[in-house]
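I have placed the structure first, in the form of structure tokens, so that the comments after it can refer back to it.
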Amino acid sequence: MTKTILITGGTGLIGQRLTELLLAQKGYSIRYLSRSKRAIKNVEVFEWHPQKGEIDATAFEGVDAVVHLAGAGVADKRWTESRKDEILKSRTQSTELIAQTIRKMSTAPKALVNASAIGYYGINTGAQLLHEESPAGNDFLAEVTSKWENATKEIEEQGIRTVKIRVGVVLSPQSGALPKLLQPVRLGLGAPLGSGDQYMSWIHIDDIARIFMKALEDETMRGAYNGVAPAPVTNAEMTKRLASVVHRPAFLPNVPAFMLKMMLGEMASIVLEGNKVSCDKIIRAGFEFEHPGLTEALKDLLKEN
């Protein structure tokens with residue numbers, strides 16, 4: 001029997017790849033909740049405006065599961081107070097609207113797979129290996145992810161199986177961190193950022209999409225899971241490996257932290273700090289990575305570039 005999956009944030013980095021895999025490998029029926037009702041091949045699009053509390057509730061009719069990825073981009077704009085408020089509310093208000101809509105339905109979806117982020121643990125946790133049971137941090141991104149995860153409780157309390165995927169640094173040639181890292185490296189200007197010792201808990205775009213697929217289908221999965229590859233590396237090591245894969249030198253001195261703070265403001269913490277995060281729990285759940293090692297993952301991602 002064909003399942004129907006409703007995705008928010010479906011046009012984003014993870015949403016697009018997840019949609020491709022669900023259509024190609026599962027033959028599922030895919031719906032999007034979007035702020036604009038536009039034509040998307042093989043996808044039925046419904047409109048919503050979470051900040052106004054507006055939603056087309058017919059989007060949920062006959063839906064087997066919901067994947068909630070929507071949220072204002074954390075690294076898209078400088079962190080003014082209004083932007084920080086938007087980053088938070090775009091996640092919590094949208095989750096609350098989903099919960100309210102599901103509550104009114106006679107037949108609810110069986111599962112919610114909700115995005116979160118490894119920023120939950122705090123932006124600077126050094127070399128400590130973090131697990132799902134590790135405490136939440138106390139900085140801005142930790143506050144955002146904690147409140148986002150807490151907003152799913154109302155859905156969980158309705159008896160809906162709820163899974164939260166704490167997404168790491170997603171590597172994709174299309175967008176996200178990799179093109180930004182690659183640009184200076186290709187020009188021979190690759191250099192570690194700040195100390196270079198901060199950890200990057202990365203994951204290949206295909207593997208994070210497959211983790212979301214597993215969470216949709218594996219009825220034993222509940223609660224939080226880290227969406228990261230088995231081998232976190234430091235920023236310096238990431239730069240070195242990337243330069244090696246694209247056959248460029250990487251001998252320049254580190255980019256000073258103060259320069260990045262001048263350019264990016266508070267948002268510089270995204271690149272100057274980091275987490276070393278474990279994926280043991282998702283492996284114990286039976287997930288097998290297609291791209292567990294960084295060098296192989298980079299070669300796969302950049303093979304057509």
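A note on labels: chains of the structure tokens are A, B, ... as shown, every chain counts residues from 1, and ligands are counted from 1 in their shown order.
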Which residues of segment 222-295 of chain A sit at most 12 Å from segment 162-178 of chain A, using only C-alpha atoms? Give each one's shortest atom pair and distance in Å (one decimal place), in chain and ascending residue order, as JSON lines.
{"residue": "A:Arg222", "atom": "CA", "partner": "A:Val163", "partner_atom": "CA", "distance": 4.8}
{"residue": "A:Gly223", "atom": "CA", "partner": "A:Val163", "partner_atom": "CA", "distance": 4.8}
{"residue": "A:Ala224", "atom": "CA", "partner": "A:Lys164", "partner_atom": "CA", "distance": 4.5}
{"residue": "A:Tyr225", "atom": "CA", "partner": "A:Ile165", "partner_atom": "CA", "distance": 5.1}
{"residue": "A:Asn226", "atom": "CA", "partner": "A:Arg166", "partner_atom": "CA", "distance": 4.7}
{"residue": "A:Gly227", "atom": "CA", "partner": "A:Val167", "partner_atom": "CA", "distance": 4.6}
{"residue": "A:Val228", "atom": "CA", "partner": "A:Gly168", "partner_atom": "CA", "distance": 5.2}
{"residue": "A:Ala229", "atom": "CA", "partner": "A:Gly168", "partner_atom": "CA", "distance": 8.4}
{"residue": "A:Pro230", "atom": "CA", "partner": "A:Gly168", "partner_atom": "CA", "distance": 11.4}
{"residue": "A:Ala231", "atom": "CA", "partner": "A:Gly168", "partner_atom": "CA", "distance": 11.9}
{"residue": "A:Pro232", "atom": "CA", "partner": "A:Gly168", "partner_atom": "CA", "distance": 9.8}
{"residue": "A:Val233", "atom": "CA", "partner": "A:Val169", "partner_atom": "CA", "distance": 11.2}
{"residue": "A:Asn235", "atom": "CA", "partner": "A:Val169", "partner_atom": "CA", "distance": 11.5}
{"residue": "A:Met238", "atom": "CA", "partner": "A:Leu178", "partner_atom": "CA", "distance": 10.2}
{"residue": "A:Thr239", "atom": "CA", "partner": "A:Leu178", "partner_atom": "CA", "distance": 10.5}
{"residue": "A:Leu242", "atom": "CA", "partner": "A:Leu178", "partner_atom": "CA", "distance": 9.3}
{"residue": "A:Ile270", "atom": "CA", "partner": "A:Val169", "partner_atom": "CA", "distance": 10.4}
{"residue": "A:Val271", "atom": "CA", "partner": "A:Ala177", "partner_atom": "CA", "distance": 9.8}
{"residue": "A:Gly274", "atom": "CA", "partner": "A:Val169", "partner_atom": "CA", "distance": 10.0}
{"residue": "A:Asn275", "atom": "CA", "partner": "A:Gly168", "partner_atom": "CA", "distance": 9.0}
{"residue": "A:Lys276", "atom": "CA", "partner": "A:Gly168", "partner_atom": "CA", "distance": 9.9}
{"residue": "A:Val277", "atom": "CA", "partner": "A:Gly168", "partner_atom": "CA", "distance": 8.3}
{"residue": "A:Ser278", "atom": "CA", "partner": "A:Gly168", "partner_atom": "CA", "distance": 10.4}
{"residue": "A:Cys279", "atom": "CA", "partner": "A:Arg166", "partner_atom": "CA", "distance": 10.2}
{"residue": "A:Lys281", "atom": "CA", "partner": "A:Ile165", "partner_atom": "CA", "distance": 11.3}
{"residue": "A:Ile282", "atom": "CA", "partner": "A:Ile165", "partner_atom": "CA", "distance": 9.8}
{"residue": "A:His291", "atom": "CA", "partner": "A:Leu171", "partner_atom": "CA", "distance": 11.0}
{"residue": "A:Leu294", "atom": "CA", "partner": "A:Leu171", "partner_atom": "CA", "distance": 9.9}
{"residue": "A:Thr295", "atom": "CA", "partner": "A:Leu171", "partner_atom": "CA", "distance": 11.9}
For the residues in the current selection, export N, CA, C and O atoms as a compact mmCIF listing (two decimals), in the first residue's frame.
# COMPACT_ATOMS: atom_id res chain seq x y z
N ARG A 222 11.88 6.17 18.38
CA ARG A 222 11.19 7.27 19.09
C ARG A 222 12.25 8.13 19.77
O ARG A 222 13.31 7.63 20.16
N GLY A 223 11.97 9.40 19.94
CA GLY A 223 12.89 10.28 20.65
C GLY A 223 13.97 10.83 19.74
O GLY A 223 13.82 10.89 18.52
N ALA A 224 15.10 11.23 20.35
CA ALA A 224 16.17 11.93 19.63
C ALA A 224 17.24 10.98 19.10
O ALA A 224 17.61 10.01 19.77
N TYR A 225 17.72 11.28 17.91
CA TYR A 225 18.83 10.57 17.29
C TYR A 225 19.76 11.59 16.64
O TYR A 225 19.29 12.51 15.98
N ASN A 226 21.06 11.40 16.80
CA ASN A 226 22.01 12.28 16.15
C ASN A 226 22.17 11.90 14.69
O ASN A 226 22.41 10.72 14.38
N GLY A 227 22.06 12.90 13.81
CA GLY A 227 22.23 12.66 12.38
C GLY A 227 23.61 13.12 11.93
O GLY A 227 23.76 14.17 11.30
N VAL A 228 24.64 12.33 12.29
CA VAL A 228 26.03 12.64 11.96
C VAL A 228 26.73 11.37 11.53
O VAL A 228 26.30 10.26 11.85
N ALA A 229 27.83 11.52 10.78
CA ALA A 229 28.63 10.38 10.35
C ALA A 229 29.50 9.88 11.51
O ALA A 229 29.68 10.57 12.51
N PRO A 230 30.09 8.67 11.36
CA PRO A 230 30.86 8.08 12.47
C PRO A 230 32.19 8.75 12.78
O PRO A 230 32.77 8.44 13.82
N ALA A 231 32.68 9.64 11.91
CA ALA A 231 34.05 10.14 12.11
C ALA A 231 34.10 11.66 12.07
O ALA A 231 34.50 12.24 11.06
N PRO A 232 33.73 12.34 13.16
CA PRO A 232 33.86 13.80 13.20
C PRO A 232 35.33 14.20 13.04
O PRO A 232 36.23 13.47 13.47
N VAL A 233 35.57 15.36 12.42
CA VAL A 233 36.94 15.84 12.24
C VAL A 233 37.02 17.30 12.68
O VAL A 233 36.00 17.98 12.78
N ASN A 235 38.06 21.31 12.16
CA ASN A 235 37.99 22.22 11.03
C ASN A 235 39.29 22.18 10.21
O ASN A 235 39.26 22.20 8.97
N MET A 238 39.25 19.00 8.16
CA MET A 238 38.29 19.13 7.06
C MET A 238 38.92 19.92 5.91
O MET A 238 38.82 19.52 4.74
N THR A 239 39.58 21.04 6.24
CA THR A 239 40.22 21.86 5.21
C THR A 239 41.30 21.07 4.48
O THR A 239 41.40 21.11 3.24
N LEU A 242 39.69 18.32 2.23
CA LEU A 242 39.03 18.93 1.09
C LEU A 242 40.05 19.38 0.05
O LEU A 242 39.88 19.17 -1.16
N ILE A 270 29.13 29.89 14.62
CA ILE A 270 28.80 28.68 13.84
C ILE A 270 30.06 28.03 13.30
O ILE A 270 30.18 26.79 13.28
N VAL A 271 31.02 28.84 12.84
CA VAL A 271 32.23 28.29 12.24
C VAL A 271 33.41 28.24 13.20
O VAL A 271 34.36 27.47 13.00
N GLY A 274 32.31 24.25 17.75
CA GLY A 274 31.82 23.00 17.18
C GLY A 274 31.53 21.94 18.21
O GLY A 274 31.73 22.12 19.42
N ASN A 275 31.08 20.79 17.71
CA ASN A 275 30.71 19.66 18.56
C ASN A 275 31.30 18.37 17.99
O ASN A 275 31.37 18.19 16.79
N LYS A 276 31.67 17.48 18.88
CA LYS A 276 32.08 16.13 18.50
C LYS A 276 30.94 15.20 18.94
O LYS A 276 30.77 14.93 20.13
N VAL A 277 30.18 14.73 17.97
CA VAL A 277 28.89 14.08 18.26
C VAL A 277 28.90 12.62 17.82
O VAL A 277 29.39 12.28 16.74
N SER A 278 28.35 11.77 18.65
CA SER A 278 28.29 10.33 18.40
C SER A 278 27.06 9.94 17.58
O SER A 278 25.98 10.50 17.75
N CYS A 279 27.24 8.93 16.72
CA CYS A 279 26.10 8.38 15.97
C CYS A 279 25.80 6.95 16.41
O CYS A 279 25.12 6.20 15.71
N LYS A 281 23.77 5.68 18.53
CA LYS A 281 22.37 5.30 18.73
C LYS A 281 21.69 4.93 17.42
O LYS A 281 20.95 3.93 17.36
N ILE A 282 21.93 5.69 16.35
CA ILE A 282 21.28 5.37 15.08
C ILE A 282 21.87 4.09 14.48
O ILE A 282 21.17 3.32 13.83
N HIS A 291 28.25 6.37 3.45
CA HIS A 291 29.45 7.21 3.36
C HIS A 291 29.98 7.51 4.77
O HIS A 291 29.86 8.64 5.26
N LEU A 294 35.19 10.49 5.71
CA LEU A 294 35.14 11.83 5.11
C LEU A 294 35.75 11.89 3.72
O LEU A 294 35.15 12.46 2.80
N THR A 295 36.93 11.32 3.54
CA THR A 295 37.59 11.42 2.23
C THR A 295 36.74 10.79 1.14
O THR A 295 36.53 11.39 0.07
Within 7 Å of segment 254-258 of chain A: each segment 84-194 of chain A residue with its shortest pair, only C-alpha atoms, as a Markdown table:
| residue | atom | partner | partner_atom | distance |
| --- | --- | --- | --- | --- |
| A:Ala191 | CA | A:Asn254 | CA | 5.4 |
| A:Pro192 | CA | A:Asn254 | CA | 4.8 |
| A:Leu193 | CA | A:Val255 | CA | 4.9 |
| A:Gly194 | CA | A:Ala257 | CA | 4.4 |
Expected answer as a PyMOL selection string: alpha helix (DSSP H) residues in segment 1-233 of chain A:
chain A and resi 13-21+81-103+140-151+153-156+177-186+205-217
With only C-alpha atoms as the counted atoms, please give the residues lying no more than 12 Å from Thr4 of chain A, apart from itself and same-chain residues fewer than 6 positions off, as a PyMOL selection string.
chain A and resi 19+22-23+26-32+43-44+59-67+109-111+216
Top pick for closest residue to Pro135 of chain A, considering A:Glu157, A:Gly119, A:Ala250, A:Gln198 and counting only C-alpha atoms:
A:Gly119
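Per DSSP on the backbone, strand (DSSP E) in segment 70-180 of chain A comprises Ala111, Leu112, Val113, Asn114, Ala115, Ser116, Ala117, Leu129, Leu130, Arg161, Thr162, Val163, Lys164, Ile165, Arg166, Val167, Val169, Val170 and Leu171 of chain A.
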